[in-house]
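Participant: Here you go, data-v5.txt (compact mmCIF, C-alpha atoms):
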```
# COMPACT_ATOMS: atom_id res chain seq x y z
CA MET A 1 14.72 -21.04 -2.44
CA ALA A 2 12.82 -20.00 -5.55
CA LEU A 3 15.89 -20.05 -7.76
CA GLU A 4 16.61 -23.74 -7.10
CA ALA A 5 13.44 -24.87 -8.78
CA LYS A 6 14.15 -22.71 -11.82
CA LEU A 7 17.43 -24.39 -12.76
CA SER A 8 17.04 -26.08 -16.13
CA HIS A 9 18.71 -29.38 -17.02
CA THR A 10 21.31 -27.59 -19.10
CA ALA A 11 22.09 -25.11 -16.35
CA ALA A 12 22.33 -27.93 -13.79
CA ILE A 13 24.75 -29.87 -16.00
CA ILE A 14 26.90 -26.78 -16.58
CA LEU A 15 26.91 -25.98 -12.88
CA GLN A 16 27.92 -29.55 -12.13
CA ALA A 17 30.74 -29.35 -14.69
CA LEU A 18 32.03 -26.16 -13.08
CA ASP A 19 31.84 -27.80 -9.68
CA ALA A 20 33.77 -30.78 -11.01
CA GLY A 21 36.64 -28.44 -11.95
CA TYR A 22 35.99 -27.56 -15.57
CA VAL A 23 36.26 -23.88 -14.97
CA TYR A 24 36.34 -22.18 -18.36
CA GLY A 25 33.89 -22.13 -21.22
CA PHE A 26 35.61 -24.42 -23.70
CA SER A 27 36.33 -27.12 -21.10
CA VAL A 28 32.65 -27.04 -20.07
CA MET A 29 31.74 -27.43 -23.72
CA GLU A 30 34.01 -30.42 -24.21
CA THR A 31 32.88 -32.12 -21.04
CA THR A 32 29.17 -31.66 -21.44
CA GLY A 33 29.07 -32.03 -25.23
CA LEU A 34 26.91 -28.92 -25.44
CA PRO A 35 27.52 -26.47 -28.31
CA SER A 36 29.14 -23.10 -27.75
CA GLY A 37 25.89 -21.32 -28.56
CA THR A 38 24.32 -23.00 -25.52
CA VAL A 39 27.17 -22.99 -23.02
CA TYR A 40 28.25 -19.35 -23.16
CA PRO A 41 24.77 -17.79 -22.88
CA ALA A 42 24.04 -20.25 -20.04
CA LEU A 43 27.21 -19.15 -18.26
CA ARG A 44 26.16 -15.52 -18.59
CA ARG A 45 22.71 -16.34 -17.27
CA LEU A 46 24.14 -18.20 -14.29
CA GLU A 47 26.47 -15.31 -13.59
CA ARG A 48 23.63 -12.81 -13.83
CA ASP A 49 21.63 -14.88 -11.34
CA GLY A 50 24.58 -14.91 -8.96
CA LEU A 51 25.18 -18.66 -9.11
CA ILE A 52 28.67 -18.34 -10.56
CA ARG A 53 31.30 -15.61 -10.67
CA SER A 54 33.85 -14.96 -13.40
CA SER A 55 37.40 -13.69 -13.16
CA TRP A 56 40.21 -13.23 -15.63
CA GLU A 57 43.41 -15.18 -15.28
CA SER A 58 46.39 -12.94 -14.62
CA GLN A 59 48.26 -11.92 -17.74
CA ALA A 60 51.58 -13.02 -16.26
CA VAL A 61 50.38 -16.61 -15.90
CA ALA A 62 48.98 -16.59 -19.44
CA ASP A 63 52.22 -15.13 -20.83
CA ALA A 64 54.23 -17.81 -19.05
CA GLY A 65 52.09 -20.46 -20.75
CA GLN A 66 52.35 -18.60 -24.10
CA ARG A 67 48.60 -18.50 -24.52
CA PRO A 68 45.82 -15.93 -24.18
CA ALA A 69 44.41 -15.29 -20.73
CA ARG A 70 41.31 -17.30 -19.89
CA LYS A 71 38.17 -16.27 -18.18
CA TYR A 72 37.46 -18.60 -15.28
CA TYR A 73 34.12 -19.31 -13.68
CA ARG A 74 33.65 -20.29 -10.04
CA ILE A 75 30.52 -21.37 -8.24
CA THR A 76 29.30 -19.01 -5.55
CA ARG A 77 27.75 -20.07 -2.25
CA VAL A 78 24.28 -19.59 -3.68
CA GLY A 79 25.33 -21.67 -6.67
CA GLN A 80 26.55 -24.45 -4.39
CA ALA A 81 23.22 -24.50 -2.58
CA THR A 82 21.34 -24.57 -5.85
CA LEU A 83 23.54 -27.36 -7.18
CA ALA A 84 23.03 -29.37 -3.99
CA ALA A 85 19.28 -29.04 -4.44
CA SER A 86 19.59 -30.12 -8.06
CA GLN A 87 21.70 -33.13 -7.08
CA LYS A 88 18.98 -34.21 -4.66
CA ARG A 89 16.50 -33.94 -7.47
CA TYR A 90 18.75 -35.63 -10.05
CA PRO A 91 20.95 -38.09 -8.11
CA LEU A 92 22.99 -39.07 -11.17
CA LEU A 93 24.09 -35.49 -11.71
CA ALA A 94 26.88 -35.76 -9.14
CA ARG A 95 28.40 -38.76 -10.96
CA LEU A 96 28.16 -37.24 -14.40
CA PHE A 97 31.69 -35.91 -14.82
CA PRO A 98 35.06 -37.25 -13.81
CA VAL A 99 37.40 -34.99 -11.92
CA PRO A 100 39.55 -33.27 -14.55
CA ALA A 101 43.25 -33.98 -14.83
CA GLN A 102 45.44 -31.25 -13.31
CA GLU A 103 46.19 -28.63 -15.98
CA ASP A 104 49.19 -26.40 -16.38
CA ALA A 105 47.19 -23.29 -15.55
CA MET B 106 43.43 -18.74 -43.29
CA LEU B 107 40.59 -20.50 -41.49
CA ARG B 108 41.63 -18.85 -38.26
CA VAL B 109 41.07 -15.46 -39.92
CA LEU B 110 37.60 -16.56 -40.99
CA HIS B 111 36.74 -17.70 -37.47
CA LEU B 112 37.99 -14.45 -36.02
CA ALA B 113 35.93 -12.57 -38.61
CA ILE B 114 32.80 -14.50 -37.57
CA ILE B 115 33.37 -13.63 -33.93
CA GLN B 116 34.14 -10.02 -34.82
CA THR B 117 30.88 -9.80 -36.76
CA ALA B 118 28.91 -11.30 -33.89
CA ALA B 119 30.53 -8.76 -31.57
CA LEU B 120 28.59 -6.00 -33.33
CA LEU B 121 25.49 -7.30 -31.54
CA VAL B 122 27.09 -6.94 -28.11
CA PRO B 123 26.52 -3.63 -26.28
CA THR B 124 29.52 -1.36 -26.73
CA HIS B 125 30.63 -1.21 -23.12
CA ASP B 126 30.82 -5.03 -22.88
CA ARG B 127 32.19 -5.68 -26.35
CA ALA B 128 35.92 -5.60 -25.62
CA GLU B 129 35.70 -8.11 -22.77
CA TRP B 130 33.31 -10.30 -24.73
CA LEU B 131 35.69 -10.35 -27.70
CA SER B 132 38.67 -11.13 -25.47
CA GLU B 133 36.90 -14.14 -24.01
CA TRP B 134 35.82 -15.54 -27.37
CA ARG B 135 39.24 -14.98 -28.94
CA ALA B 136 40.92 -16.69 -25.99
CA GLU B 137 38.50 -19.62 -26.17
CA LEU B 138 39.00 -19.95 -29.92
CA TRP B 139 42.72 -20.32 -29.32
CA TYR B 140 42.05 -23.67 -27.58
CA VAL B 141 39.67 -25.02 -30.19
CA ASN B 142 41.35 -27.39 -32.61
CA ARG B 143 38.37 -29.06 -34.25
CA ARG B 144 34.96 -27.87 -35.42
CA ALA B 145 36.15 -24.33 -34.93
CA THR B 146 33.64 -22.95 -37.44
CA ALA B 147 30.69 -24.38 -35.47
CA PHE B 148 32.29 -23.02 -32.32
CA SER B 149 32.65 -19.56 -33.86
CA LEU B 150 29.09 -19.53 -35.14
CA GLY B 151 27.92 -20.17 -31.59
CA SER B 152 29.18 -16.69 -30.75
CA PHE B 153 26.08 -15.27 -32.44
CA SER B 154 23.81 -16.91 -29.84
CA ASP B 155 25.93 -15.51 -27.08
CA ALA B 156 26.08 -12.05 -28.66
CA LEU B 157 22.33 -12.07 -29.15
CA TRP B 158 21.82 -13.00 -25.52
CA MET B 159 24.06 -10.11 -24.49
CA ASN B 160 22.16 -7.81 -26.80
CA ARG B 161 18.81 -8.75 -25.30
CA ASN B 162 19.74 -9.03 -21.66
CA ILE B 163 22.47 -6.54 -20.96
CA SER B 164 21.19 -3.00 -20.99
CA ALA B 165 23.48 -0.18 -22.00
CA PRO B 166 22.03 2.95 -20.44
CA ILE B 167 25.24 4.94 -20.55
CA GLU B 168 25.82 4.73 -24.29
CA ARG B 169 22.28 5.93 -25.04
CA ARG B 170 22.46 8.80 -22.61
CA TRP B 171 24.25 11.19 -24.98
CA PHE B 172 21.20 11.41 -27.20
CA ARG B 173 18.52 11.28 -24.53
CA LEU B 174 16.26 14.28 -24.90
CA GLU B 175 15.25 13.83 -21.30
CA SER B 176 13.70 17.20 -20.62
CA PRO B 177 10.58 18.15 -22.65
CA VAL B 178 11.97 21.64 -23.24
CA LYS B 179 15.19 20.18 -24.62
CA CYS B 180 13.17 17.86 -26.86
CA VAL B 181 11.02 20.68 -28.27
CA MET B 182 14.05 22.96 -28.72
CA PHE B 183 15.90 20.21 -30.56
CA LEU B 184 12.99 19.52 -32.91
CA ALA B 185 12.36 23.24 -33.45
CA GLY B 186 16.02 23.76 -34.30
CA LEU B 187 15.96 20.91 -36.80
CA ALA B 188 12.69 22.13 -38.32
CA ALA B 189 14.04 25.69 -38.63
CA LEU B 190 17.23 24.43 -40.24
CA SER B 191 15.37 22.28 -42.76
CA LEU B 192 12.99 25.17 -43.51
CA LEU B 193 15.92 27.51 -44.14
CA LEU B 194 17.53 24.96 -46.44
CA ALA B 195 14.26 24.45 -48.31
CA LEU B 196 13.74 28.21 -48.73
CA SER B 197 17.27 28.74 -49.94
CA LEU B 198 16.78 26.35 -52.86
CA PRO B 199 17.39 28.01 -56.23
CA GLY B 200 14.42 28.54 -58.57
CA ASP B 201 10.79 27.75 -57.92
CA ASN B 202 10.04 25.49 -55.07
CA PRO B 203 8.34 22.42 -56.39
CA ALA B 204 5.06 21.24 -54.95
CA PRO B 205 5.44 18.47 -52.42
CA PRO B 206 5.46 15.19 -54.31
CA THR B 207 3.13 12.35 -53.52
CA PRO B 208 4.47 8.87 -53.06
CA ASP B 209 2.54 7.17 -55.83
CA GLY B 210 2.00 10.01 -58.24
CA GLU B 211 -1.68 9.95 -57.38
CA SER B 212 -1.99 13.72 -57.66
CA GLN B 213 -0.67 13.72 -61.21
CA SER B 214 -2.87 10.89 -62.41
CA VAL B 215 -6.00 12.38 -60.86
CA ARG B 216 -5.16 15.75 -62.43
CA GLN B 217 -4.75 14.12 -65.85
CA ALA B 218 -8.04 12.29 -65.43
CA ALA B 219 -9.81 15.51 -64.44
CA THR B 220 -8.37 17.36 -67.44
CA ALA B 221 -9.43 14.57 -69.78
CA GLU B 222 -12.92 14.56 -68.32
CA ILE B 223 -13.28 18.32 -68.78
CA SER B 224 -12.06 18.13 -72.36
CA GLU B 225 -14.62 15.43 -73.10
CA GLN B 226 -17.45 17.59 -71.77
CA GLN B 227 -16.61 20.58 -73.99
CA PRO B 228 -17.29 20.20 -77.74
CA PRO B 229 -14.11 20.59 -79.76
CA ALA B 230 -15.96 22.80 -82.21
CA ASP B 231 -15.87 25.65 -79.69
CA ILE B 232 -12.17 25.95 -80.09
CA ASP B 233 -11.14 28.87 -82.18
CA LEU B 234 -7.61 27.89 -83.02
CA ASN B 235 -6.73 31.25 -84.51
CA THR B 236 -7.51 33.20 -81.40
CA SER B 237 -7.46 30.71 -78.60
CA LEU B 238 -3.93 29.45 -79.15
CA SER B 239 -2.56 32.95 -79.34
CA ASN B 240 -4.48 34.25 -76.34
CA ARG B 241 -4.67 31.23 -74.13
CA ASP B 242 -1.38 29.49 -74.55
CA ALA B 243 -0.51 30.71 -71.10
CA HIS B 244 -2.76 27.98 -69.76
CA PRO B 245 -2.84 24.77 -71.79
CA SER B 246 -6.07 23.46 -70.30
CA SER B 247 -7.98 26.64 -71.20
CA ALA B 248 -6.72 26.36 -74.76
CA ILE B 249 -7.99 22.83 -75.00
CA THR B 250 -11.36 23.43 -73.41
CA GLY B 251 -11.98 26.76 -75.04
CA ALA B 252 -13.28 28.17 -71.79
CA PRO B 253 -12.42 31.69 -70.67
CA LEU B 254 -9.07 31.87 -68.89
CA GLY B 255 -10.47 32.73 -65.48
CA GLN B 256 -13.03 29.96 -65.60
CA ALA B 257 -10.51 27.39 -66.76
CA SER B 258 -8.08 28.38 -64.04
CA THR B 259 -10.77 28.02 -61.40
CA GLU B 260 -11.83 24.62 -62.73
CA THR B 261 -8.25 23.36 -62.89
CA LEU B 262 -7.54 24.75 -59.49
CA GLY B 263 -10.61 22.93 -58.20
CA GLY B 264 -9.37 19.73 -59.83
CA ASP B 265 -5.96 20.25 -58.26
CA ARG B 266 -7.51 20.77 -54.86
CA LEU B 267 -9.62 17.66 -55.27
CA ALA B 268 -6.58 15.71 -56.35
CA LEU B 269 -4.59 17.05 -53.43
CA LEU B 270 -7.45 16.17 -51.10
CA TYR B 271 -7.55 12.61 -52.44
CA ALA B 272 -3.78 12.35 -52.28
CA GLY B 273 -3.71 13.77 -48.75
CA PHE B 274 -6.44 11.40 -47.59
CA GLY B 275 -4.70 8.43 -49.19
CA LEU B 276 -1.37 9.48 -47.72
CA CYS B 277 -2.80 9.92 -44.21
CA SER B 278 -4.54 6.53 -44.37
CA ALA B 279 -1.42 4.79 -45.63
CA LEU B 280 0.59 6.61 -43.00
CA LEU B 281 -1.62 5.54 -40.11
CA VAL B 282 -1.67 1.93 -41.31
CA ALA B 283 2.10 1.90 -41.78
CA VAL B 284 2.81 3.52 -38.41
CA SER B 285 0.44 1.16 -36.62
CA ARG B 286 2.33 -1.81 -38.11
CA GLY B 287 5.53 -0.65 -36.44
CA THR B 288 4.21 0.56 -33.12
CA PRO B 289 0.78 0.52 -31.48
CA LEU B 290 -1.13 3.76 -31.83
CA ARG B 291 -2.42 3.51 -28.28
CA LEU B 292 -0.37 5.54 -25.86
CA GLY B 293 -1.27 3.45 -22.82
CA GLU B 294 -3.53 3.55 -19.81
CA TYR B 295 -3.18 6.47 -17.44
CA PRO B 296 -5.98 5.93 -14.91
CA VAL B 297 -7.00 9.05 -13.06
CA ASN B 298 -7.06 8.69 -9.29
CA ARG B 299 -6.60 11.01 -6.34
CA TYR B 300 -2.84 11.11 -6.86
CA ALA B 301 -3.17 12.18 -10.50
CA PRO B 302 -2.42 15.83 -11.29
CA ALA B 303 -5.13 18.36 -12.10
CA ALA B 304 -6.82 18.28 -15.51
CA PRO B 305 -4.87 21.23 -17.04
CA LEU B 306 -1.61 19.52 -16.15
CA ARG B 307 -2.84 16.27 -17.67
CA LEU B 308 -3.74 18.19 -20.82
CA LEU B 309 -0.15 19.37 -21.10
CA ARG B 310 0.85 15.86 -22.14
CA TRP B 311 -1.39 16.08 -25.21
CA VAL B 312 -0.17 19.58 -26.01
CA PHE B 313 3.38 18.26 -25.91
CA LEU B 314 2.44 15.45 -28.31
CA ALA B 315 0.74 17.91 -30.67
CA VAL B 316 3.78 20.21 -30.63
CA LYS B 317 6.07 17.32 -31.46
CA ILE B 318 3.90 16.23 -34.39
CA ALA B 319 3.60 19.85 -35.53
CA LEU B 320 7.40 20.07 -35.63
CA VAL B 321 8.14 16.63 -37.07
CA VAL B 322 5.80 16.92 -40.08
CA PRO B 323 7.24 20.20 -41.49
CA LEU B 324 10.72 18.92 -40.67
CA VAL B 325 10.15 15.90 -42.92
CA LEU B 326 8.43 17.93 -45.65
CA CYS B 327 11.23 20.53 -45.76
CA ALA B 328 13.86 17.79 -45.77
CA VAL B 329 12.12 16.17 -48.74
CA LEU B 330 11.87 19.53 -50.53
CA THR B 331 15.59 20.09 -49.95
CA LEU B 332 16.77 16.63 -50.95
CA GLY B 333 14.03 15.87 -53.49
CA PRO B 334 15.69 17.56 -56.51
CA PHE B 335 18.78 15.36 -56.05
CA VAL B 336 16.82 12.10 -56.10
CA PRO B 337 13.45 13.03 -57.66
CA GLN B 338 12.43 9.42 -58.27
CA PHE B 339 12.61 8.65 -54.53
CA ALA B 340 11.19 11.93 -53.24
CA GLY B 341 7.67 10.58 -52.78
CA TRP B 342 8.80 7.45 -50.99
CA GLY B 343 11.26 9.51 -48.98
CA MET B 344 8.43 11.69 -47.71
CA LEU B 345 6.26 8.69 -46.83
CA LEU B 346 9.09 6.89 -45.04
CA GLY B 347 10.16 10.12 -43.32
CA LEU B 348 6.64 10.70 -42.02
CA ILE B 349 6.31 7.07 -40.90
CA PHE B 350 9.57 7.13 -38.95
CA GLY B 351 8.90 10.63 -37.64
CA LEU B 352 5.45 9.77 -36.31
CA ARG B 353 6.67 6.42 -34.99
CA TRP B 354 9.44 8.15 -33.05
CA THR B 355 6.94 10.72 -31.74
CA LEU B 356 4.64 8.01 -30.39
CA MET B 357 7.47 5.96 -28.91
CA ASP B 358 8.97 9.04 -27.26
CA GLN B 359 5.59 10.00 -25.85
CA ARG B 360 5.10 6.57 -24.32
CA GLU B 361 8.47 6.73 -22.56
CA ARG B 362 7.65 9.97 -20.74
CA CYS B 363 6.20 10.72 -17.35
CA PRO B 364 2.67 12.13 -17.78
CA VAL B 365 3.30 14.67 -15.02
CA CYS B 366 6.72 16.21 -15.67
CA LEU B 367 7.04 14.92 -19.29
CA ARG B 368 10.62 13.83 -18.64
CA LEU B 369 11.90 10.55 -20.06
CA LEU B 370 11.51 7.64 -17.64
CA SER B 371 14.57 5.85 -16.32
CA ASN B 372 15.74 2.72 -14.50
CA PRO B 373 14.14 0.07 -16.73
CA THR B 374 13.83 -3.17 -14.77
CA CYS B 375 12.76 -6.53 -16.13
CA ILE B 376 10.06 -8.20 -14.05
CA GLY B 377 9.09 -11.82 -14.46
CA ASP B 378 10.30 -14.23 -17.08
CA ALA B 379 8.72 -15.05 -20.42
CA SER B 380 9.59 -18.74 -20.00
CA GLN B 381 7.98 -18.88 -16.52
CA LEU B 382 4.72 -17.26 -17.51
CA PHE B 383 1.45 -18.88 -16.46
CA LEU B 384 -1.34 -16.41 -15.90
CA GLY B 385 1.37 -14.10 -14.59
CA TRP B 386 2.81 -10.85 -15.80
CA TYR B 387 6.17 -10.10 -17.21
CA GLY B 388 7.55 -6.97 -18.73
CA THR B 389 9.51 -3.85 -17.90
CA GLU B 390 9.03 -1.38 -15.13
CA LEU B 391 10.22 2.19 -15.59
CA LEU B 392 10.48 4.90 -12.99
CA CYS B 393 10.07 8.66 -13.12
CA SER B 394 13.25 10.14 -11.66
CA ARG B 395 11.13 12.84 -10.00
CA GLY B 396 9.04 10.19 -8.23
CA HIS B 397 5.76 10.80 -10.01
CA GLY B 398 5.08 7.16 -10.72
CA PHE B 399 5.89 3.84 -12.36
CA LEU B 400 5.22 2.69 -15.88
CA TYR B 401 4.55 -0.99 -16.50
CA VAL B 402 5.19 -2.09 -20.07
CA PRO B 403 3.97 -5.65 -20.74
CA GLY B 404 6.39 -7.99 -22.49
CA THR B 405 3.52 -9.53 -24.39
CA SER B 406 -0.01 -8.36 -24.92
CA THR B 407 -2.67 -10.33 -23.07
CA SER B 408 -6.42 -9.96 -22.71
CA TRP B 409 -5.93 -8.38 -19.27
CA GLY B 410 -2.90 -6.23 -20.05
CA GLU B 411 -2.55 -5.17 -23.63
CA ALA B 412 -1.17 -1.67 -23.28
CA GLN B 413 1.33 -0.12 -20.93
CA ARG B 414 -0.09 1.15 -17.65
CA TRP B 415 0.95 4.11 -15.54
CA GLN B 416 0.73 4.12 -11.77
CA TYR B 417 0.79 7.42 -9.91
CA LEU B 418 2.68 7.40 -6.63
CA ASP B 419 1.40 8.92 -3.46
CA PRO B 420 3.49 11.63 -1.73
CA THR B 421 5.02 9.18 0.77
CA TRP B 422 7.29 7.93 -2.03
CA SER B 423 8.92 11.34 -2.30
CA THR B 424 11.13 10.55 0.69
CA LEU B 425 12.63 7.60 -1.18
CA LEU B 426 13.31 9.40 -4.42
CA PRO B 427 15.49 12.46 -5.06
```
Take the structure in the file and give it back as structure tokens.
Facilitator:
Amino acid sequence: MALEAKLSHTAAIILQALDAGYVYGFSVMETTGLPSGTVYPALRRLERDGLIRSSWESQAVADAGQRPARKYYRITRVGQATLAASQKRYPLLARLFPVPAQEDA
Amino acid sequence: MLRVLHLAIIQTAALLVPTHDRAEWLSEWRAELWYVNRRATAFSLGSFSDALWMNRNISAPIERRWFRLESPVKCVMFLAGLAALSLLLALSLPGDNPAPPTPDGESQSVRQAATAEISEQQPPADIDLNTSLSNRDAHPSSAITGAPLGQASTETLGGDRLALLYAGFGLCSALLVAVSRGTPLRLGEYPVNRYAPAAPLRLLRWVFLAVKIALVVPLVLCAVLTLGPFVPQFAGWGMLLGLIFGLRWTLMDQRERCPVCLRLLSNPTCIGDASQLFLGWYGTELLCSRGHGFLYVPGTSTSWGEAQRWQYLDPTWSTLLP
């Protein structure tokens, strides 16, 4: 697939973080150590290319936690395939992030 | 207090985001900021990168549609209406209408130089103060030179014309240079092939361009005449800037139109990627909604593709397009 070869290091790391369970922008930032000015545009680019999909948390859940609703990002099937190809290319990528602790959300 | 500052930074960055995506974009950044407890300023400043990305990559066709002068008739009618309105306003000005000012006062300085030169050529002894001042005070230059009134008027008028010619030439040169800095003067490549329309129809495109220029120039001049008396010190610059922006808009509008039906092109699609370019092409493809052809606008000028290029479509495409 042409898209697999085009994934940059940053995009691969962000995709891996999402796959590891860090599913919103700030958690991806904290995990990867990348600045906000890199992470959010990269998320938009990945979403535009169909590798991830975003969805808003329901307001009821956010209200119950007394916090604003988050925008979550999930990897699509195409994104999974692309990530698998990237992991073959960069074997350490899969071991980069620990599985996140279960959050209240 | 700091939280207000961070929100203000994000709010400012939001101005770069296309309108129809702004609310959701703001909601996400505000929600994310809520979780940030350290280095929040750096986090907030990152919103500018994101907003800029949105600005460059998310098109907003709907919000521009309200001012799209898509049809050529609508475009000409709109410009003619504006020109007529500005002309009416200029004619309704009280008192004498002043001559159109020049941006650098060139006309005035050349006129003064011409007057001084004429006065040097005529011996002062010719001046009969007793008669000339009483008879010729209607025209100061004739009183100075001592020449008959008719002759002096003709000479001064000639000087004025020369000055106006110089000023006009200088203005046109400056105008072309200034316009070419903002947008290329070339309108693109429209190769003629068997699918191209007949020559008279192709000529219509140039007639349309000439009509637009013929309406934009008086529109700017009348606007300057109307507004000039309120800000006389900026009237010259106002005219120059007005003409630059007017001609720039005319050229840009012309480039975005189909050469056959003269309607604005639609469906801009990005092709290729600037970061993946190696002897390849990237840019924007636009489509005529009537199916007359595609326009390829290069993202960067190269030796093999400097200007935009039009491609006529053969009739088989008509089944795919409305």
Participant: For Trp139 of chain B, find every residue with an atom within 12 Å (counting all atoms listed in the file), except residues of its own chain fewer than 3 positions away, and show them as a list of chain:residue names.
Facilitator: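 The neighbour list is A:Phe26, A:Gln66, A:Arg67, A:Pro68, A:Ala69, A:Arg70, B:Arg108, B:Val109, B:His111, B:Leu112, B:Ser132, B:Glu133, B:Trp134, B:Arg135, B:Ala136, B:Asn142, B:Arg143, B:Ala145, B:Phe148, B:Ser149.
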Participant: Show me, as CSV, the residues of chain B having an atom within 10 Å of chain A, each with the closest atom pair and its distance in Å, using all atoms listed in the file.
Facilitator:
```
residue,atom,partner,partner_atom,distance
B:Glu129,CA,A:Lys71,CA,9.7
B:Ser132,CA,A:Ala69,CA,8.5
B:Glu133,CA,A:Lys71,CA,6.3
B:Trp134,CA,A:Gly25,CA,9.2
B:Arg135,CA,A:Pro68,CA,8.2
B:Ala136,CA,A:Pro68,CA,5.3
B:Glu137,CA,A:Phe26,CA,6.1
B:Leu138,CA,A:Phe26,CA,8.4
B:Trp139,CA,A:Pro68,CA,7.4
B:Tyr140,CA,A:Phe26,CA,7.6
B:Val141,CA,A:Phe26,CA,7.7
B:Ala147,CA,A:Ser36,CA,8.0
B:Phe148,CA,A:Ser36,CA,5.6
B:Ser149,CA,A:Ser36,CA,7.9
B:Leu150,CA,A:Gly37,CA,7.5
B:Gly151,CA,A:Gly37,CA,3.8
B:Ser152,CA,A:Gly37,CA,6.1
B:Phe153,CA,A:Gly37,CA,7.2
B:Ser154,CA,A:Gly37,CA,5.0
B:Asp155,CA,A:Pro41,CA,4.9
B:Ala156,CA,A:Pro41,CA,8.3
B:Leu157,CA,A:Pro41,CA,8.8
B:Trp158,CA,A:Pro41,CA,6.2
B:Met159,CA,A:Pro41,CA,7.9
B:Asn162,CA,A:Arg45,CA,9.0
B:Ile163,CA,A:Arg48,CA,9.6
B:Gln381,CA,A:Lys6,CA,8.7
```
Participant: As a list in words, please: the residues near segment 347-354 of chain B (cut-off 7 Å, only C-alpha atoms, same-chain neighbours under 4 positions excluded).
Facilitator: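 Listed by chain and then number, they are Leu280, Ala283, Val284, Thr288, Ile318, Val321, Val322, Val325, Gly343 and Asp358 of chain B.
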Participant: Hey, can you spit out that residue selection with C-alpha atoms as an mmCIF file, in the coordinates of the input?
Facilitator:
```
data_model
loop_
_atom_site.group_PDB
_atom_site.id
_atom_site.type_symbol
_atom_site.label_atom_id
_atom_site.label_comp_id
_atom_site.auth_asym_id
_atom_site.auth_seq_id
_atom_site.Cartn_x
_atom_site.Cartn_y
_atom_site.Cartn_z
ATOM 1 C CA LEU B 280 0.590 6.610 -43.000
ATOM 2 C CA ALA B 283 2.100 1.900 -41.780
ATOM 3 C CA VAL B 284 2.810 3.520 -38.410
ATOM 4 C CA THR B 288 4.210 0.560 -33.120
ATOM 5 C CA ILE B 318 3.900 16.230 -34.390
ATOM 6 C CA VAL B 321 8.140 16.630 -37.070
ATOM 7 C CA VAL B 322 5.800 16.920 -40.080
ATOM 8 C CA VAL B 325 10.150 15.900 -42.920
ATOM 9 C CA GLY B 343 11.260 9.510 -48.980
ATOM 10 C CA ASP B 358 8.970 9.040 -27.260
#
```
Participant: Please, what distance in Å, to one decimal, runs between atom CA of Leu314 of chain B and atom CA of Tyr387 of chain B?
Facilitator: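 Going from atom CA of Leu314 of chain B over to atom CA of Tyr387 of chain B, I get 28.1 Å.
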Participant: Can you measure atom CA of Leu34 of chain A to atom CA of Asp49 of chain A for me? One decimal in Å is fine.
Facilitator: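 Taking atom CA of Leu34 of chain A as the start and atom CA of Asp49 of chain A as the end point, the length is 20.6 Å.
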Participant: With distances taken over all atoms listed in the file, which of B:Ala279, B:Ala303, B:Leu184, B:Leu369 is nearest to Leu320 of chain B?
Facilitator: B:Leu184
